[in-house]
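Asks: Dropping in run-v3.pdb, which is PDB, C-alpha atoms:
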```
ATOM      1  CA  GLU A 132     -30.901 -10.490 -59.105
ATOM      2  CA  THR A 133     -29.297 -12.040 -56.041
ATOM      3  CA  GLY A 134     -31.323 -12.531 -52.897
ATOM      4  CA  VAL A 135     -30.332 -12.019 -49.273
ATOM      5  CA  THR A 136     -27.498 -14.224 -48.101
ATOM      6  CA  GLN A 137     -26.514 -14.854 -44.500
ATOM      7  CA  SER A 138     -23.520 -16.476 -42.877
ATOM      8  CA  PRO A 139     -22.852 -18.648 -41.064
ATOM      9  CA  THR A 140     -25.920 -20.864 -41.401
ATOM     10  CA  HIS A 141     -25.366 -22.626 -38.086
ATOM     11  CA  LEU A 142     -23.126 -21.973 -35.127
ATOM     12  CA  ILE A 143     -22.720 -23.068 -31.544
ATOM     13  CA  LYS A 144     -21.371 -20.814 -28.804
ATOM     14  CA  THR A 145     -21.128 -20.950 -25.043
ATOM     15  CA  ARG A 146     -22.536 -18.495 -22.525
ATOM     16  CA  GLY A 147     -20.548 -15.292 -22.239
ATOM     17  CA  GLN A 148     -19.036 -15.522 -25.714
ATOM     18  CA  GLN A 149     -19.569 -13.049 -28.510
ATOM     19  CA  VAL A 150     -20.914 -13.719 -31.993
ATOM     20  CA  THR A 151     -20.991 -11.858 -35.316
ATOM     21  CA  LEU A 152     -23.543 -12.702 -37.970
ATOM     22  CA  ARG A 153     -23.314 -11.386 -41.513
ATOM     23  CA  CYS A 154     -25.824 -10.436 -44.162
ATOM     24  CA  SER A 155     -25.603  -9.374 -47.793
ATOM     25  CA  SER A 156     -28.700  -7.522 -48.885
ATOM     26  CA  GLN A 157     -30.572  -7.998 -52.130
ATOM     27  CA  SER A 158     -29.229  -5.999 -55.029
ATOM     28  CA  GLY A 159     -30.846  -2.553 -55.119
ATOM     29  CA  HIS A 160     -31.980  -2.620 -51.482
ATOM     30  CA  ASN A 161     -30.595   0.025 -49.140
ATOM     31  CA  THR A 162     -32.215  -0.935 -45.835
ATOM     32  CA  VAL A 163     -31.435  -3.927 -43.635
ATOM     33  CA  SER A 164     -33.452  -5.198 -40.687
ATOM     34  CA  TRP A 165     -32.552  -7.934 -38.244
ATOM     35  CA  TYR A 166     -35.022 -10.246 -36.560
ATOM     36  CA  GLN A 167     -34.781 -12.913 -33.888
ATOM     37  CA  GLN A 168     -37.046 -15.922 -34.322
ATOM     38  CA  ALA A 169     -37.377 -18.293 -31.379
ATOM     39  CA  LEU A 170     -38.666 -21.790 -32.038
ATOM     40  CA  GLY A 171     -42.387 -21.744 -32.791
ATOM     41  CA  GLN A 172     -42.603 -17.952 -32.731
ATOM     42  CA  GLY A 173     -42.814 -15.158 -35.228
ATOM     43  CA  PRO A 174     -39.794 -12.991 -36.022
ATOM     44  CA  GLN A 175     -39.089 -10.274 -33.417
ATOM     45  CA  PHE A 176     -37.626  -6.974 -34.639
ATOM     46  CA  ILE A 177     -34.131  -6.241 -33.323
ATOM     47  CA  PHE A 178     -33.144  -3.144 -35.312
ATOM     48  CA  GLN A 179     -32.957  -1.605 -38.748
ATOM     49  CA  TYR A 180     -30.109   0.106 -40.564
ATOM     50  CA  TYR A 181     -30.398   2.706 -43.289
ATOM     51  CA  ARG A 182     -27.500   4.725 -44.708
ATOM     52  CA  GLU A 183     -25.152   3.035 -42.248
ATOM     53  CA  GLU A 184     -27.065   4.291 -39.216
ATOM     54  CA  GLU A 185     -29.474   2.600 -36.858
ATOM     55  CA  ASN A 186     -32.966   3.623 -37.895
ATOM     56  CA  GLY A 187     -35.067   2.044 -35.182
ATOM     57  CA  ARG A 188     -34.684  -0.586 -32.497
ATOM     58  CA  GLY A 189     -36.897  -3.174 -30.883
ATOM     59  CA  ASN A 190     -36.908  -4.289 -27.272
ATOM     60  CA  PHE A 191     -33.405  -5.759 -27.223
ATOM     61  CA  PRO A 192     -30.572  -4.859 -24.829
ATOM     62  CA  PRO A 193     -27.475  -2.879 -25.921
ATOM     63  CA  ARG A 194     -25.393  -6.067 -26.110
ATOM     64  CA  PHE A 195     -27.153  -6.524 -29.456
ATOM     65  CA  SER A 196     -25.452  -4.158 -31.870
ATOM     66  CA  GLY A 197     -25.067  -3.836 -35.582
ATOM     67  CA  LEU A 198     -23.345  -2.234 -38.504
ATOM     68  CA  GLN A 199     -24.238  -1.440 -42.060
ATOM     69  CA  PHE A 200     -21.522  -0.982 -44.651
ATOM     70  CA  PRO A 201     -21.423   1.293 -47.732
ATOM     71  CA  ASN A 202     -22.396  -1.667 -49.941
ATOM     72  CA  TYR A 203     -25.502  -2.105 -47.715
ATOM     73  CA  SER A 204     -24.317  -5.388 -46.240
ATOM     74  CA  SER A 205     -24.705  -5.671 -42.494
ATOM     75  CA  GLU A 206     -23.490  -7.363 -39.343
ATOM     76  CA  LEU A 207     -25.265  -8.292 -36.143
ATOM     77  CA  ASN A 208     -23.087  -8.573 -33.056
ATOM     78  CA  VAL A 209     -24.208 -10.094 -29.798
ATOM     79  CA  ASN A 210     -21.990  -9.830 -26.719
ATOM     80  CA  ALA A 211     -22.131 -11.776 -23.463
ATOM     81  CA  LEU A 212     -24.289 -14.502 -24.957
ATOM     82  CA  GLU A 213     -27.066 -15.943 -22.831
ATOM     83  CA  LEU A 214     -28.901 -19.235 -23.212
ATOM     84  CA  ASP A 215     -32.065 -17.367 -24.292
ATOM     85  CA  ASP A 216     -30.179 -15.929 -27.252
ATOM     86  CA  SER A 217     -30.495 -19.328 -28.914
ATOM     87  CA  ALA A 218     -32.661 -18.653 -31.955
ATOM     88  CA  LEU A 219     -32.786 -18.214 -35.704
ATOM     89  CA  TYR A 220     -31.516 -14.773 -36.665
ATOM     90  CA  LEU A 221     -33.043 -13.438 -39.833
ATOM     91  CA  CYS A 222     -31.787 -10.601 -41.932
ATOM     92  CA  ALA A 223     -34.221  -8.829 -44.260
ATOM     93  CA  SER A 224     -33.480  -6.188 -46.835
ATOM     94  CA  SER A 225     -35.863  -3.675 -48.332
ATOM     95  CA  LEU A 226     -35.966  -0.472 -50.272
ATOM     96  CA  SER A 227     -36.380   2.626 -48.150
ATOM     97  CA  GLY A 228     -40.003   3.736 -48.195
ATOM     98  CA  ALA A 229     -41.279   0.296 -49.134
ATOM     99  CA  ASN A 230     -41.667  -2.138 -46.266
ATOM    100  CA  VAL A 231     -41.803  -5.338 -48.279
ATOM    101  CA  LEU A 232     -39.082  -7.479 -46.746
ATOM    102  CA  THR A 233     -36.837  -9.944 -48.531
ATOM    103  CA  PHE A 234     -35.499 -12.378 -45.957
ATOM    104  CA  GLY A 235     -32.384 -14.463 -45.881
ATOM    105  CA  ALA A 236     -32.544 -18.084 -44.777
ATOM    106  CA  GLY A 237     -31.122 -17.155 -41.387
ATOM    107  CA  SER A 238     -28.311 -18.040 -39.030
ATOM    108  CA  ARG A 239     -29.230 -20.569 -36.377
ATOM    109  CA  LEU A 240     -27.399 -19.803 -33.135
ATOM    110  CA  THR A 241     -27.236 -22.291 -30.298
ATOM    111  CA  VAL A 242     -25.871 -21.090 -26.954
ATOM    112  CA  LEU A 243     -24.761 -23.812 -24.541
TER     113      LEU A 243
ATOM    114  CA  GLN B  93     -47.804  -5.428 -29.440
ATOM    115  CA  GLN B  94     -47.781  -8.362 -31.800
ATOM    116  CA  PRO B  95     -50.870  -9.192 -33.854
ATOM    117  CA  VAL B  96     -52.757 -12.308 -32.815
ATOM    118  CA  GLN B  97     -53.233 -15.118 -35.301
ATOM    119  CA  SER B  98     -55.734 -17.951 -35.288
ATOM    120  CA  PRO B  99     -55.811 -20.849 -35.544
ATOM    121  CA  GLN B 100     -52.345 -21.902 -34.394
ATOM    122  CA  ALA B 101     -52.356 -24.920 -36.687
ATOM    123  CA  VAL B 102     -54.452 -26.356 -39.504
ATOM    124  CA  ILE B 103     -54.328 -29.740 -41.209
ATOM    125  CA  LEU B 104     -55.986 -30.041 -44.610
ATOM    126  CA  ARG B 105     -56.385 -32.519 -47.407
ATOM    127  CA  GLU B 106     -55.411 -31.398 -50.889
ATOM    128  CA  GLY B 107     -58.225 -29.409 -52.443
ATOM    129  CA  GLU B 108     -59.704 -28.203 -49.149
ATOM    130  CA  ASP B 109     -60.001 -24.568 -48.134
ATOM    131  CA  ALA B 110     -58.669 -22.741 -45.086
ATOM    132  CA  VAL B 111     -58.912 -19.323 -43.478
ATOM    133  CA  ILE B 112     -56.237 -17.778 -41.278
ATOM    134  CA  ASN B 113     -57.119 -14.757 -39.177
ATOM    135  CA  CYS B 114     -54.987 -11.916 -37.892
ATOM    136  CA  SER B 115     -56.138  -9.253 -35.460
ATOM    137  CA  SER B 116     -54.525  -6.320 -33.758
ATOM    138  CA  SER B 117     -55.364  -4.236 -30.705
ATOM    139  CA  LYS B 118     -53.894  -1.193 -32.437
ATOM    140  CA  ALA B 119     -55.016   0.723 -35.501
ATOM    141  CA  LEU B 120     -53.758  -0.865 -38.679
ATOM    142  CA  TYR B 121     -52.701   0.926 -41.829
ATOM    143  CA  SER B 122     -51.500  -2.132 -43.642
ATOM    144  CA  VAL B 123     -51.119  -5.856 -43.173
ATOM    145  CA  HIS B 124     -48.469  -8.069 -44.682
ATOM    146  CA  TRP B 125     -48.604 -11.814 -45.158
ATOM    147  CA  TYR B 126     -45.547 -14.066 -45.351
ATOM    148  CA  ARG B 127     -45.097 -17.807 -45.678
ATOM    149  CA  GLN B 128     -42.152 -19.706 -44.221
ATOM    150  CA  LYS B 129     -41.435 -23.289 -45.204
ATOM    151  CA  HIS B 130     -39.476 -25.439 -42.803
ATOM    152  CA  GLY B 131     -35.813 -24.442 -42.766
ATOM    153  CA  GLU B 132     -36.325 -21.651 -45.283
ATOM    154  CA  ALA B 133     -36.648 -17.871 -45.275
ATOM    155  CA  PRO B 134     -40.058 -16.237 -44.889
ATOM    156  CA  VAL B 135     -41.364 -15.234 -48.312
ATOM    157  CA  PHE B 136     -43.585 -12.235 -48.957
ATOM    158  CA  LEU B 137     -47.067 -13.118 -50.222
ATOM    159  CA  MET B 138     -48.971  -9.853 -50.283
ATOM    160  CA  ILE B 139     -49.610  -6.518 -48.639
ATOM    161  CA  LEU B 140     -53.020  -5.063 -47.972
ATOM    162  CA  LEU B 141     -53.599  -1.377 -47.478
ATOM    163  CA  LYS B 142     -56.485   0.147 -45.581
ATOM    164  CA  GLY B 143     -59.716   0.293 -47.555
ATOM    165  CA  GLY B 144     -60.892  -3.315 -47.268
ATOM    166  CA  GLU B 145     -59.111  -4.189 -50.478
ATOM    167  CA  GLN B 146     -58.803  -7.841 -51.310
ATOM    168  CA  LYS B 147     -55.658  -9.072 -52.966
ATOM    169  CA  GLY B 148     -54.734 -12.347 -54.530
ATOM    170  CA  HIS B 149     -51.718 -14.515 -55.099
ATOM    171  CA  GLU B 150     -52.327 -17.732 -57.041
ATOM    172  CA  LYS B 151     -55.285 -19.283 -55.184
ATOM    173  CA  ILE B 152     -54.431 -17.380 -52.031
ATOM    174  CA  SER B 153     -56.298 -14.168 -51.321
ATOM    175  CA  ALA B 154     -56.706 -11.878 -48.350
ATOM    176  CA  SER B 155     -58.947  -9.185 -46.998
ATOM    177  CA  PHE B 156     -58.322  -6.317 -44.623
ATOM    178  CA  ASN B 157     -60.890  -4.575 -42.450
ATOM    179  CA  GLU B 158     -59.166  -1.628 -40.816
ATOM    180  CA  LYS B 159     -62.201  -0.742 -38.711
ATOM    181  CA  LYS B 160     -62.164  -4.167 -37.087
ATOM    182  CA  GLN B 161     -58.357  -4.168 -37.143
ATOM    183  CA  GLN B 162     -58.449  -7.586 -38.734
ATOM    184  CA  SER B 163     -57.150  -9.376 -41.786
ATOM    185  CA  SER B 164     -57.938 -12.822 -43.102
ATOM    186  CA  LEU B 165     -55.958 -15.019 -45.493
ATOM    187  CA  TYR B 166     -58.006 -17.376 -47.668
ATOM    188  CA  LEU B 167     -56.450 -20.490 -49.181
ATOM    189  CA  THR B 168     -58.713 -22.198 -51.682
ATOM    190  CA  ALA B 169     -58.273 -25.627 -53.255
ATOM    191  CA  SER B 170     -55.087 -26.080 -51.243
ATOM    192  CA  GLN B 171     -52.050 -27.724 -52.800
ATOM    193  CA  LEU B 172     -49.217 -29.635 -51.128
ATOM    194  CA  SER B 173     -46.963 -26.661 -51.836
ATOM    195  CA  TYR B 174     -49.076 -24.479 -49.542
ATOM    196  CA  SER B 175     -47.709 -26.254 -46.472
ATOM    197  CA  GLY B 176     -45.729 -23.971 -44.205
ATOM    198  CA  THR B 177     -46.160 -21.406 -41.479
ATOM    199  CA  TYR B 178     -48.062 -18.253 -42.349
ATOM    200  CA  PHE B 179     -47.293 -15.005 -40.572
ATOM    201  CA  CYS B 180     -49.158 -11.749 -40.653
ATOM    202  CA  GLY B 181     -47.184  -8.603 -40.049
ATOM    203  CA  THR B 182     -48.256  -5.122 -39.079
ATOM    204  CA  GLU B 183     -46.158  -2.051 -39.713
ATOM    205  CA  ILE B 184     -45.071   0.087 -36.787
ATOM    206  CA  THR B 185     -42.469   1.931 -38.838
ATOM    207  CA  PRO B 186     -39.676   0.992 -39.070
ATOM    208  CA  ASP B 187     -40.640  -2.147 -37.220
ATOM    209  CA  MET B 188     -42.648  -4.999 -38.687
ATOM    210  CA  ARG B 189     -44.457  -6.869 -35.932
ATOM    211  CA  PHE B 190     -45.304 -10.468 -36.707
ATOM    212  CA  GLY B 191     -47.864 -12.787 -35.227
ATOM    213  CA  ALA B 192     -46.799 -16.133 -33.782
ATOM    214  CA  GLY B 193     -47.756 -17.853 -37.023
ATOM    215  CA  THR B 194     -50.235 -20.453 -38.230
ATOM    216  CA  ARG B 195     -48.793 -23.807 -39.215
ATOM    217  CA  LEU B 196     -50.582 -25.178 -42.254
ATOM    218  CA  THR B 197     -50.123 -28.809 -43.265
ATOM    219  CA  VAL B 198     -51.630 -30.050 -46.524
ATOM    220  CA  LYS B 199     -51.809 -33.811 -46.891
ATOM    221  CA  PRO B 200     -52.390 -35.828 -50.083
TER     222      PRO B 200
END
```
Would you mind writing the structure in this file as C-alpha coordinates?

Replies:
Amino acid sequence: ETGVTQSPTHLIKTRGQQVTLRCSSQSGHNTVSWYQQALGQGPQFIFQYYREEENGRGNFPPRFSGLQFPNYSSELNVNALELDDSALYLCASSLSGANVLTFGAGSRLTVL
Amino acid sequence: QQPVQSPQAVILREGEDAVINCSSSKALYSVHWYRQKHGEAPVFLMILLKGGEQKGHEKISASFNEKKQQSSLYLTASQLSYSGTYFCGTEITPDMRFGAGTRLTVKP
(Lines of atoms letter the chains of each structure in order from A and count residues from 1; the text may use other names and numbers.)
(Lines give C-alpha, C1' and ligand atoms only; values in the text may rest on other atoms or scores of the structure.)
Protein backbone atom coordinates (compact mmCIF):
# COMPACT_ATOMS: atom_id res chain seq x y z
CA GLU A 1 0.00 0.00 0.00
CA THR A 2 1.56 3.27 -1.10
CA GLY A 3 1.32 6.32 1.11
CA VAL A 4 0.69 9.94 0.19
CA THR A 5 3.32 11.46 -2.05
CA GLN A 6 3.81 15.16 -2.72
CA SER A 7 5.87 17.09 -5.23
CA PRO A 8 7.95 19.11 -5.33
CA THR A 9 9.50 18.77 -1.88
CA HIS A 10 11.02 22.24 -1.90
CA LEU A 11 10.58 25.27 -4.10
CA ILE A 12 11.40 28.95 -4.11
CA LYS A 13 9.23 31.57 -5.79
CA THR A 14 9.06 35.34 -5.84
CA ARG A 15 6.14 37.56 -4.88
CA GLY A 16 3.42 37.70 -7.50
CA GLN A 17 4.28 34.36 -9.07
CA GLN A 18 2.02 31.34 -9.20
CA VAL A 19 2.72 27.85 -7.89
CA THR A 20 1.20 24.39 -8.36
CA LEU A 21 1.73 21.66 -5.80
CA ARG A 22 0.83 18.04 -6.46
CA CYS A 23 -0.38 15.17 -4.33
CA SER A 24 -1.03 11.49 -4.93
CA SER A 25 -3.38 10.06 -2.35
CA GLN A 26 -3.00 6.75 -0.56
CA SER A 27 -4.40 3.79 -2.42
CA GLY A 28 -8.09 3.32 -1.58
CA HIS A 29 -8.60 6.87 -0.31
CA ASN A 30 -11.10 9.07 -2.13
CA THR A 31 -10.81 12.34 -0.20
CA VAL A 32 -7.94 14.82 -0.22
CA SER A 33 -7.40 17.73 2.14
CA TRP A 34 -4.77 20.44 1.96
CA TYR A 35 -3.20 22.15 4.93
CA GLN A 36 -0.80 25.04 5.38
CA GLN A 37 1.70 24.72 8.22
CA ALA A 38 3.66 27.82 9.18
CA LEU A 39 6.85 27.37 11.16
CA GLY A 40 6.10 26.39 14.75
CA GLN A 41 2.36 26.12 14.15
CA GLY A 42 -0.17 23.40 13.65
CA PRO A 43 -1.58 22.62 10.20
CA GLN A 44 -4.32 25.03 9.04
CA PHE A 45 -7.11 23.64 6.86
CA ILE A 46 -7.21 25.10 3.35
CA PHE A 47 -9.83 22.93 1.63
CA GLN A 48 -10.97 19.40 0.97
CA TYR A 49 -11.87 17.63 -2.25
CA TYR A 50 -14.21 14.69 -2.64
CA ARG A 51 -15.44 13.29 -5.96
CA GLU A 52 -13.53 16.02 -7.79
CA GLU A 53 -15.43 18.81 -6.06
CA GLU A 54 -14.51 21.15 -3.25
CA ASN A 55 -16.14 19.82 -0.10
CA GLY A 56 -15.30 22.52 2.40
CA ARG A 57 -12.91 25.43 2.71
CA GLY A 58 -11.00 27.11 5.49
CA ASN A 59 -10.25 30.79 5.90
CA PHE A 60 -8.09 31.17 2.79
CA PRO A 61 -8.60 33.66 -0.06
CA PRO A 62 -9.77 32.60 -3.55
CA ARG A 63 -6.22 32.80 -4.91
CA PHE A 64 -5.83 29.40 -3.24
CA SER A 65 -7.55 26.91 -5.51
CA GLY A 66 -7.44 23.22 -6.11
CA LEU A 67 -8.37 20.28 -8.26
CA GLN A 68 -9.00 16.63 -7.71
CA PHE A 69 -8.63 14.18 -10.57
CA PRO A 70 -10.54 10.93 -11.29
CA ASN A 71 -7.66 8.92 -9.80
CA TYR A 72 -8.09 10.98 -6.58
CA SER A 73 -4.78 12.79 -6.97
CA SER A 74 -4.94 16.51 -6.37
CA GLU A 75 -3.33 19.86 -7.06
CA LEU A 76 -3.09 23.01 -4.99
CA ASN A 77 -2.65 26.24 -6.92
CA VAL A 78 -1.71 29.53 -5.36
CA ASN A 79 -1.79 32.71 -7.45
CA ALA A 80 -0.22 36.10 -6.76
CA LEU A 81 2.12 34.70 -4.13
CA GLU A 82 2.74 36.77 -1.02
CA LEU A 83 5.59 36.54 1.46
CA ASP A 84 3.21 35.12 4.10
CA ASP A 85 2.48 32.18 1.82
CA SER A 86 5.88 30.78 2.79
CA ALA A 87 5.05 27.57 4.63
CA LEU A 88 4.95 23.79 4.50
CA TYR A 89 1.95 22.63 2.48
CA LEU A 90 0.63 19.28 3.55
CA CYS A 91 -1.67 17.04 1.62
CA ALA A 92 -3.69 14.43 3.52
CA SER A 93 -5.87 11.70 2.12
CA SER A 94 -8.68 9.85 3.84
CA LEU A 95 -11.63 7.66 3.17
CA SER A 96 -14.93 9.49 3.00
CA GLY A 97 -16.77 9.13 6.30
CA ALA A 98 -13.60 8.40 8.24
CA ASN A 99 -11.58 11.43 9.27
CA VAL A 100 -8.31 9.68 10.00
CA LEU A 101 -5.80 11.54 7.87
CA THR A 102 -2.76 10.11 6.13
CA PHE A 103 -0.35 12.95 5.45
CA GLY A 104 2.33 13.39 2.86
CA ALA A 105 5.71 14.77 3.84
CA GLY A 106 4.79 18.16 2.40
CA SER A 107 6.03 20.75 -0.05
CA ARG A 108 8.05 23.54 1.50
CA LEU A 109 7.38 26.81 -0.31
CA THR A 110 9.58 29.85 0.19
CA VAL A 111 8.38 33.16 -1.26
CA LEU A 112 11.04 35.85 -1.66
CA GLN B 1 -11.23 28.05 16.68
CA GLN B 2 -8.15 25.95 17.18
CA PRO B 3 -7.80 23.78 20.29
CA VAL B 4 -5.26 24.95 22.84
CA GLN B 5 -2.39 22.68 23.80
CA SER B 6 -0.16 22.77 26.85
CA PRO B 7 2.67 22.75 27.54
CA GLN B 8 4.31 24.19 24.43
CA ALA B 9 7.46 22.16 24.99
CA VAL B 10 8.68 19.34 27.22
CA ILE B 11 12.16 17.93 27.75
CA LEU B 12 12.42 14.47 29.29
CA ARG B 13 15.01 11.87 30.09
CA GLU B 14 14.45 8.37 28.75
CA GLY B 15 12.07 6.49 31.00
CA GLU B 16 10.28 9.58 32.33
CA ASP B 17 6.58 10.27 31.88
CA ALA B 18 4.80 13.24 30.32
CA VAL B 19 1.27 14.54 29.90
CA ILE B 20 0.12 16.77 27.05
CA ASN B 21 -3.20 18.56 27.35
CA CYS B 22 -5.63 19.73 24.72
CA SER B 23 -8.69 21.87 25.37
CA SER B 24 -11.37 23.42 23.24
CA SER B 25 -13.86 26.23 23.75
CA LYS B 26 -16.35 24.35 21.59
CA ALA B 27 -18.16 21.08 22.14
CA LEU B 28 -16.06 18.12 21.12
CA TYR B 29 -17.29 14.91 19.57
CA SER B 30 -13.89 13.43 18.97
CA VAL B 31 -10.23 14.22 19.42
CA HIS B 32 -7.38 13.07 17.24
CA TRP B 33 -3.72 12.89 18.16
CA TYR B 34 -0.87 13.07 15.65
CA ARG B 35 2.90 13.08 16.00
CA GLN B 36 5.23 14.87 13.59
CA LYS B 37 8.96 14.23 13.62
CA HIS B 38 11.24 16.91 12.27
CA GLY B 39 11.03 17.09 8.48
CA GLU B 40 8.44 14.33 8.28
CA ALA B 41 4.69 14.01 7.78
CA PRO B 42 2.35 14.05 10.78
CA VAL B 43 1.42 10.48 11.69
CA PHE B 44 -1.90 9.46 13.19
CA LEU B 45 -1.66 8.06 16.72
CA MET B 46 -5.23 7.61 17.87
CA ILE B 47 -8.76 8.93 17.85
CA LEU B 48 -10.96 9.27 20.90
CA LEU B 49 -14.71 9.42 20.69
CA LYS B 50 -16.97 11.01 23.27
CA GLY B 51 -17.61 8.83 26.30
CA GLY B 52 -14.37 9.34 28.24
CA GLU B 53 -12.85 6.33 26.55
CA GLN B 54 -9.15 5.82 26.99
CA LYS B 55 -7.14 4.47 24.12
CA GLY B 56 -3.61 3.23 23.85
CA HIS B 57 -0.82 3.03 21.35
CA GLU B 58 2.36 1.33 22.55
CA LYS B 59 3.08 3.12 25.85
CA ILE B 60 1.11 6.15 24.74
CA SER B 61 -2.47 6.48 25.90
CA ALA B 62 -5.06 9.22 25.94
CA SER B 63 -8.28 10.21 27.61
CA PHE B 64 -11.16 12.38 26.48
CA ASN B 65 -13.59 14.24 28.71
CA GLU B 66 -16.25 15.73 26.47
CA LYS B 67 -17.95 17.56 29.33
CA LYS B 68 -14.76 19.46 30.10
CA GLN B 69 -13.95 19.64 26.38
CA GLN B 70 -10.50 18.33 27.13
CA SER B 71 -8.20 15.52 26.12
CA SER B 72 -4.89 14.44 27.57
CA LEU B 73 -2.11 12.37 26.00
CA TYR B 74 -0.04 10.27 28.41
CA LEU B 75 3.45 9.12 27.50
CA THR B 76 4.87 6.63 29.97
CA ALA B 77 8.45 5.37 30.20
CA SER B 78 9.37 7.60 27.28
CA GLN B 79 11.75 6.38 24.60
CA LEU B 80 14.05 8.37 22.32
CA SER B 81 11.70 7.56 19.45
CA TYR B 82 8.92 9.54 21.14
CA SER B 83 10.65 12.82 20.32
CA GLY B 84 8.63 15.01 18.00
CA THR B 85 5.79 17.49 17.98
CA TYR B 86 2.40 16.25 19.13
CA PHE B 87 -0.77 17.79 17.76
CA CYS B 88 -4.32 17.33 18.88
CA GLY B 89 -7.02 17.80 16.30
CA THR B 90 -10.73 18.41 16.64
CA GLU B 91 -13.22 17.66 13.91
CA ILE B 92 -15.34 20.46 12.52
CA THR B 93 -16.40 18.43 9.49
CA PRO B 94 -14.88 18.45 6.96
CA ASP B 95 -12.20 20.49 8.65
CA MET B 96 -9.71 19.14 11.16
CA ARG B 97 -8.52 21.92 13.44
CA PHE B 98 -5.12 21.39 15.01
CA GLY B 99 -3.54 22.90 18.07
CA ALA B 100 -0.19 24.67 17.81
CA GLY B 101 1.58 21.53 18.97
CA THR B 102 3.70 20.39 21.89
CA ARG B 103 7.36 19.77 21.16
CA LEU B 104 8.60 16.75 23.07
CA THR B 105 12.33 16.07 23.36
CA VAL B 106 13.52 12.84 24.96
CA LYS B 107 17.18 12.77 25.92
CA PRO B 108 19.32 9.72 26.78

Asks: For chain B, which residue among A:Ser225, A:Gln179, A:Ser156, A:Gln137 is the nearest when counting all atoms listed in the file?

Replies: A:Gln179

Asks: Which polymer residues, protein or nucleic acid, are no farther than 10 Å from (-52.7, -5.3, -29.6), counting all atoms listed in the file, as a PyMOL selection string?

Replies: chain B and resi 93-96+115-119+161

Asks: With the PyMOL selection byres ((chain B) within 8 of (chain A)) as the selection, what would be picked from this file? Answer as a PyMOL selection string, please.

Replies: chain B and resi 131-136+139+179+183+186-193

Asks: Those same residues - C-alpha atoms - I'd like them written as a short mmCIF file (atom, residue, chain, number, x, y, z; two decimals), in the frame of the given file.

Replies:
```cif
data_model
loop_
_atom_site.label_atom_id
_atom_site.label_comp_id
_atom_site.auth_asym_id
_atom_site.auth_seq_id
_atom_site.Cartn_x
_atom_site.Cartn_y
_atom_site.Cartn_z
CA GLY B 131 -35.81 -24.44 -42.77
CA GLU B 132 -36.33 -21.65 -45.28
CA ALA B 133 -36.65 -17.87 -45.28
CA PRO B 134 -40.06 -16.24 -44.89
CA VAL B 135 -41.36 -15.23 -48.31
CA PHE B 136 -43.58 -12.24 -48.96
CA ILE B 139 -49.61 -6.52 -48.64
CA PHE B 179 -47.29 -15.00 -40.57
CA GLU B 183 -46.16 -2.05 -39.71
CA PRO B 186 -39.68 0.99 -39.07
CA ASP B 187 -40.64 -2.15 -37.22
CA MET B 188 -42.65 -5.00 -38.69
CA ARG B 189 -44.46 -6.87 -35.93
CA PHE B 190 -45.30 -10.47 -36.71
CA GLY B 191 -47.86 -12.79 -35.23
CA ALA B 192 -46.80 -16.13 -33.78
CA GLY B 193 -47.76 -17.85 -37.02
#
```

Asks: Which residue, A:Glu185, A:Ser138, A:Ile143, A:Tyr203, has the smallest gap to Leu226 in chain A when you use only C-alpha atoms?

Replies: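 Of A:Glu185, A:Ser138, A:Ile143, A:Tyr203, the one nearest Leu226 in chain A is A:Tyr203, counting only C-alpha atoms.
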
Asks: In Å, with one decimal, what is the gap from CA of Gly107 in chain B to CA of Gln171 in chain B?

Replies: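 Result for CA of Gly107 in chain B versus CA of Gln171 in chain B: 6.4 Å, one decimal.
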